[in-house]
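K.L.:
Below is the file data17.csv, which contains CSV, C-alpha atoms.
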chain,number,residue,atom,x,y,z
A,251,MET,CA,-40.4,51.8,-19.8
A,252,GLU,CA,-38.0,52.5,-17.0
A,253,VAL,CA,-34.3,51.7,-17.4
A,254,LEU,CA,-32.1,52.0,-14.3
A,255,PHE,CA,-28.5,53.1,-14.9
A,256,HIS,CA,-26.1,51.0,-12.8
A,257,GLY,CA,-29.0,49.0,-11.5
A,258,CYS,CA,-29.4,45.4,-12.3
A,259,ALA,CA,-33.2,45.5,-12.5
A,260,SER,CA,-35.1,46.9,-15.4
A,261,ALA,CA,-38.7,46.9,-16.3
A,262,GLN,CA,-39.7,44.8,-19.3
A,263,PRO,CA,-42.2,46.2,-21.7
A,264,SER,CA,-45.3,44.2,-22.4
A,265,SER,CA,-45.6,45.2,-26.0
A,266,PHE,CA,-43.4,44.3,-29.0
A,267,PRO,CA,-39.8,45.5,-28.7
A,268,THR,CA,-39.0,48.7,-30.5
A,269,ILE,CA,-35.6,49.9,-31.6
A,270,PRO,CA,-34.4,52.1,-28.8
A,271,PRO,CA,-32.5,55.3,-29.5
A,272,PRO,CA,-28.7,55.0,-29.5
A,273,ALA,CA,-28.2,56.6,-26.1
A,274,GLU,CA,-30.7,54.2,-24.5
A,275,ALA,CA,-29.1,51.3,-26.3
A,276,ALA,CA,-25.7,52.3,-24.9
A,277,ARG,CA,-27.1,52.6,-21.4
A,278,ARG,CA,-28.6,49.1,-21.7
A,279,TRP,CA,-25.3,47.7,-23.0
A,280,TRP,CA,-23.4,49.4,-20.2
A,281,ASN,CA,-26.0,48.3,-17.6
A,282,ALA,CA,-25.7,44.6,-18.8
A,283,ILE,CA,-21.9,44.8,-18.6
A,284,TYR,CA,-22.0,46.4,-15.2
A,285,CYS,CA,-24.4,43.9,-13.8
A,286,GLN,CA,-22.4,41.0,-15.1
A,287,THR,CA,-19.2,42.5,-13.7
A,288,GLU,CA,-20.8,43.0,-10.3
A,289,GLU,CA,-22.0,39.4,-10.2
A,290,LEU,CA,-18.6,38.1,-11.2
A,291,TRP,CA,-16.9,40.2,-8.6
A,292,GLN,CA,-19.3,39.0,-5.9
A,293,THR,CA,-18.6,35.4,-6.8
A,294,ILE,CA,-14.8,35.8,-6.9
A,295,THR,CA,-14.6,37.6,-3.6
A,296,SER,CA,-17.0,35.2,-1.8
A,297,ARG,CA,-15.5,33.1,1.1
A,298,ASP,CA,-16.9,30.0,-0.4
A,299,THR,CA,-15.1,30.5,-3.7
A,300,GLY,CA,-11.7,30.7,-2.0
A,301,LYS,CA,-12.4,27.7,0.1
A,302,ILE,CA,-13.6,25.7,-2.9
A,303,TYR,CA,-10.6,26.6,-5.0
A,304,LYS,CA,-8.2,25.8,-2.1
A,305,GLU,CA,-9.8,22.4,-1.7
A,306,ALA,CA,-9.8,21.8,-5.5
A,307,THR,CA,-6.1,22.7,-5.7
A,308,TRP,CA,-5.2,20.4,-2.8
A,309,LYS,CA,-7.2,17.5,-4.3
A,310,THR,CA,-5.6,18.0,-7.7
A,311,GLY,CA,-2.2,18.0,-6.1
A,312,GLN,CA,-3.0,14.7,-4.4
A,313,ILE,CA,-4.3,13.2,-7.6
A,314,LEU,CA,-1.2,14.2,-9.5
A,315,ILE,CA,1.1,12.8,-6.8
A,316,LEU,CA,-0.7,9.4,-6.8
A,317,LEU,CA,-0.7,9.3,-10.6
A,318,LEU,CA,3.1,10.0,-10.6
A,319,ARG,CA,3.7,7.3,-8.0
A,320,LEU,CA,1.7,4.8,-10.1
A,321,LEU,CA,3.5,5.7,-13.3
A,322,LEU,CA,6.9,5.4,-11.5
A,323,LEU,CA,5.9,2.0,-10.1
A,324,ILE,CA,4.8,0.7,-13.5
A,325,GLY,CA,8.0,2.1,-15.1
A,326,ILE,CA,10.3,0.5,-12.6
A,327,SER,CA,8.4,-2.8,-12.9
A,328,ILE,CA,8.7,-2.8,-16.7
A,329,LEU,CA,12.4,-2.0,-16.4
A,330,GLY,CA,12.9,-4.8,-13.8
A,331,VAL,CA,11.2,-7.4,-16.1
A,332,PHE,CA,13.2,-6.1,-19.1
A,333,VAL,CA,16.5,-6.4,-17.2
A,334,PHE,CA,15.6,-9.9,-15.8
A,335,VAL,CA,14.7,-11.2,-19.3
A,336,TRP,CA,17.8,-9.7,-20.8
A,337,LEU,CA,20.1,-11.1,-18.1
A,338,LEU,CA,18.4,-14.5,-18.4
A,339,GLY,CA,18.9,-14.6,-22.1
A,340,TYR,CA,22.5,-13.3,-21.9
A,341,HIS,CA,23.6,-15.9,-19.3
A,342,SER,CA,21.7,-18.7,-21.1
A,343,GLY,CA,23.4,-17.8,-24.4
A,344,HIS,CA,26.8,-17.5,-22.7
A,345,TRP,CA,26.3,-20.9,-21.0
A,346,LEU,CA,25.2,-22.5,-24.3
A,347,ARG,CA,28.1,-21.0,-26.2
A,348,GLU,CA,30.6,-22.3,-23.6
A,349,HIS,CA,29.0,-25.7,-23.7
A,350,LEU,CA,29.0,-25.9,-27.5
A,351,GLU,CA,32.6,-24.7,-27.7
A,352,ALA,CA,33.8,-27.1,-25.0
A,353,ASP,CA,32.0,-30.3,-26.0
A,354,GLN,CA,31.3,-29.6,-29.7
A,355,PRO,CA,28.2,-31.8,-29.8
A,356,THR,CA,26.4,-32.9,-33.0
A,357,PRO,CA,22.9,-31.7,-33.7
A,358,ALA,CA,21.5,-35.0,-32.6
A,359,ILE,CA,23.1,-34.7,-29.2
A,360,ILE,CA,21.9,-31.1,-28.9
A,361,LEU,CA,18.3,-32.3,-29.7
A,362,ASN,CA,18.5,-35.2,-27.3
A,363,ARG,CA,19.7,-32.8,-24.5
A,364,LEU,CA,16.9,-30.3,-25.3
A,365,ILE,CA,14.3,-33.1,-25.0
A,366,ALA,CA,15.9,-34.3,-21.8
A,367,ILE,CA,15.7,-30.8,-20.3
A,368,LEU,CA,12.1,-30.4,-21.3
A,369,LEU,CA,11.1,-33.8,-19.9
A,370,LEU,CA,13.0,-33.4,-16.6
A,371,PRO,CA,10.2,-31.7,-14.6
A,372,PHE,CA,7.8,-34.4,-15.6
A,373,GLN,CA,10.2,-37.2,-14.8
A,374,LEU,CA,11.0,-35.7,-11.3
A,375,THR,CA,7.2,-35.2,-10.7
A,376,ALA,CA,6.6,-38.9,-11.6
A,377,ILE,CA,9.4,-40.1,-9.3
A,378,TRP,CA,8.1,-38.0,-6.4
A,379,LEU,CA,4.4,-39.0,-7.0
A,380,ASP,CA,5.4,-42.7,-7.2
A,381,ARG,CA,7.3,-42.4,-3.9
A,382,GLU,CA,4.6,-40.5,-2.1
A,383,LEU,CA,1.7,-42.8,-3.2
A,384,ASN,CA,3.8,-45.8,-2.2
A,385,GLN,CA,4.5,-44.4,1.2
A,386,ALA,CA,1.1,-43.0,1.9
A,387,PHE,CA,-1.2,-45.7,0.5
A,388,GLY,CA,1.1,-48.6,-0.5
A,389,TRP,CA,0.2,-48.1,-4.2
A,390,ASN,CA,2.9,-49.1,-6.7
A,391,LEU,CA,1.7,-47.4,-9.9
A,392,LYS,CA,5.1,-47.3,-11.6
A,393,LEU,CA,4.5,-43.9,-13.2
A,394,THR,CA,8.2,-43.7,-13.9
A,395,ASP,CA,7.8,-46.5,-16.5
A,396,LEU,CA,5.7,-44.1,-18.7
A,397,LEU,CA,8.6,-41.7,-19.2
A,398,PRO,CA,12.2,-42.4,-20.2
A,399,PRO,CA,14.7,-42.3,-17.3
A,400,PRO,CA,16.0,-38.9,-16.5
A,401,ASP,CA,19.5,-37.8,-17.7
A,402,PRO,CA,21.8,-38.2,-14.6
A,403,ASN,CA,23.8,-35.1,-15.7
A,404,LEU,CA,20.7,-33.0,-15.3
A,405,LEU,CA,19.6,-34.3,-11.9
A,406,PRO,CA,20.5,-32.3,-8.8
A,407,PRO,CA,23.4,-33.7,-6.9
A,408,SER,CA,22.5,-36.3,-4.3
A,409,ASP,CA,23.6,-35.9,-0.7
A,410,GLY,CA,24.3,-39.6,-0.5
A,411,ALA,CA,21.4,-40.4,1.9
A,412,ASP,CA,18.5,-42.3,0.4
A,413,ASP,CA,15.2,-41.0,1.9
A,414,THR,CA,13.0,-43.8,0.7
Take the structure in the file and write it out as structure tokens.
P.N.:
Amino acid sequence: MEVLFHGCASAQPSSFPTIPPPAEAARRWWNAIYCQTEELWQTITSRDTGKIYKEATWKTGQILILLLRLLLLIGISILGVFVFVWLLGYHSGHWLREHLEADQPTPAIILNRLIAILLLPFQLTAIWLDRELNQAFGWNLKLTDLLPPPDPNLLPPSDGADDT
């Protein structure tokens, strides 16, 4: 059996392995370490390795920048929605408090006003649909009879010109 010192090739015996003497075992151990170190150094100093790591570093930087942009966009969007909802609630509460302190309505009046506010979009849609169907096809369906009349205090101010 031939063992080469500092060589990466060694002859393998065809018989069962035997326990080598300590000096030969140390040489085999050193030979294995030397071959592995040599292979590692060749891989590290290869041109392809530097190119691959340079591209990987650049691509990782791109991915991190895009990820940070996405997280920033999501964070700003969440903050914007939070501020919008907070301001909407704040101003609605302020308006309601001023209204309650000025008029001092009873609970029945407050409930009637709330129902009128909730029905207003449906009433305005029924008025618009009645007008459009009457003008376009001559149909007079009277959809406005299905809903109570809208509260005049909630309607937008009229410019004085009737566009019927």
K.L.:
Check which residues of segment 281-386 of chain A sit at most 6 Å from segment 390-396 of chain A using all atoms listed in the file, and return one row each with the closest pair of atoms and their distance in Å to one decimal, ordered by chain and rising number, as a Markdown table.
P.N.:
| residue | atom | partner | partner_atom | distance |
| --- | --- | --- | --- | --- |
| A:Ala376 | CA | A:Thr394 | CA | 5.6 |
| A:Ile377 | CA | A:Thr394 | CA | 6.0 |
| A:Asn384 | CA | A:Asn390 | CA | 5.7 |
K.L.:
To one decimal place, how far is atom CA of Ile269 of chain A from atom CA of Ala282 of chain A in Å?
P.N.:
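Atom CA of Ala282 of chain A lies 17.0 Å from atom CA of Ile269 of chain A.
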K.L.:
Rounded to one decimal, what separation in Å do you get between atom CA of Ala352 of chain A and atom CA of Gln373 of chain A?
P.N.:
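Computing the Euclidean distance for atom CA of Ala352 of chain A and atom CA of Gln373 of chain A yields 27.6 Å.
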K.L.:
Atom CA of Leu337 of chain A and atom CA of Leu361 of chain A, how far apart in Å?
P.N.:
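That distance, rounded to one decimal, is 24.2 Å.
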K.L.:
Identify which of the residues A:Arg363, A:Glu305, A:Leu368, A:Trp280 lies closest to His349 of chain A, counting all atoms listed in the file when measuring atom-to-atom distances.
P.N.:
A:Arg363
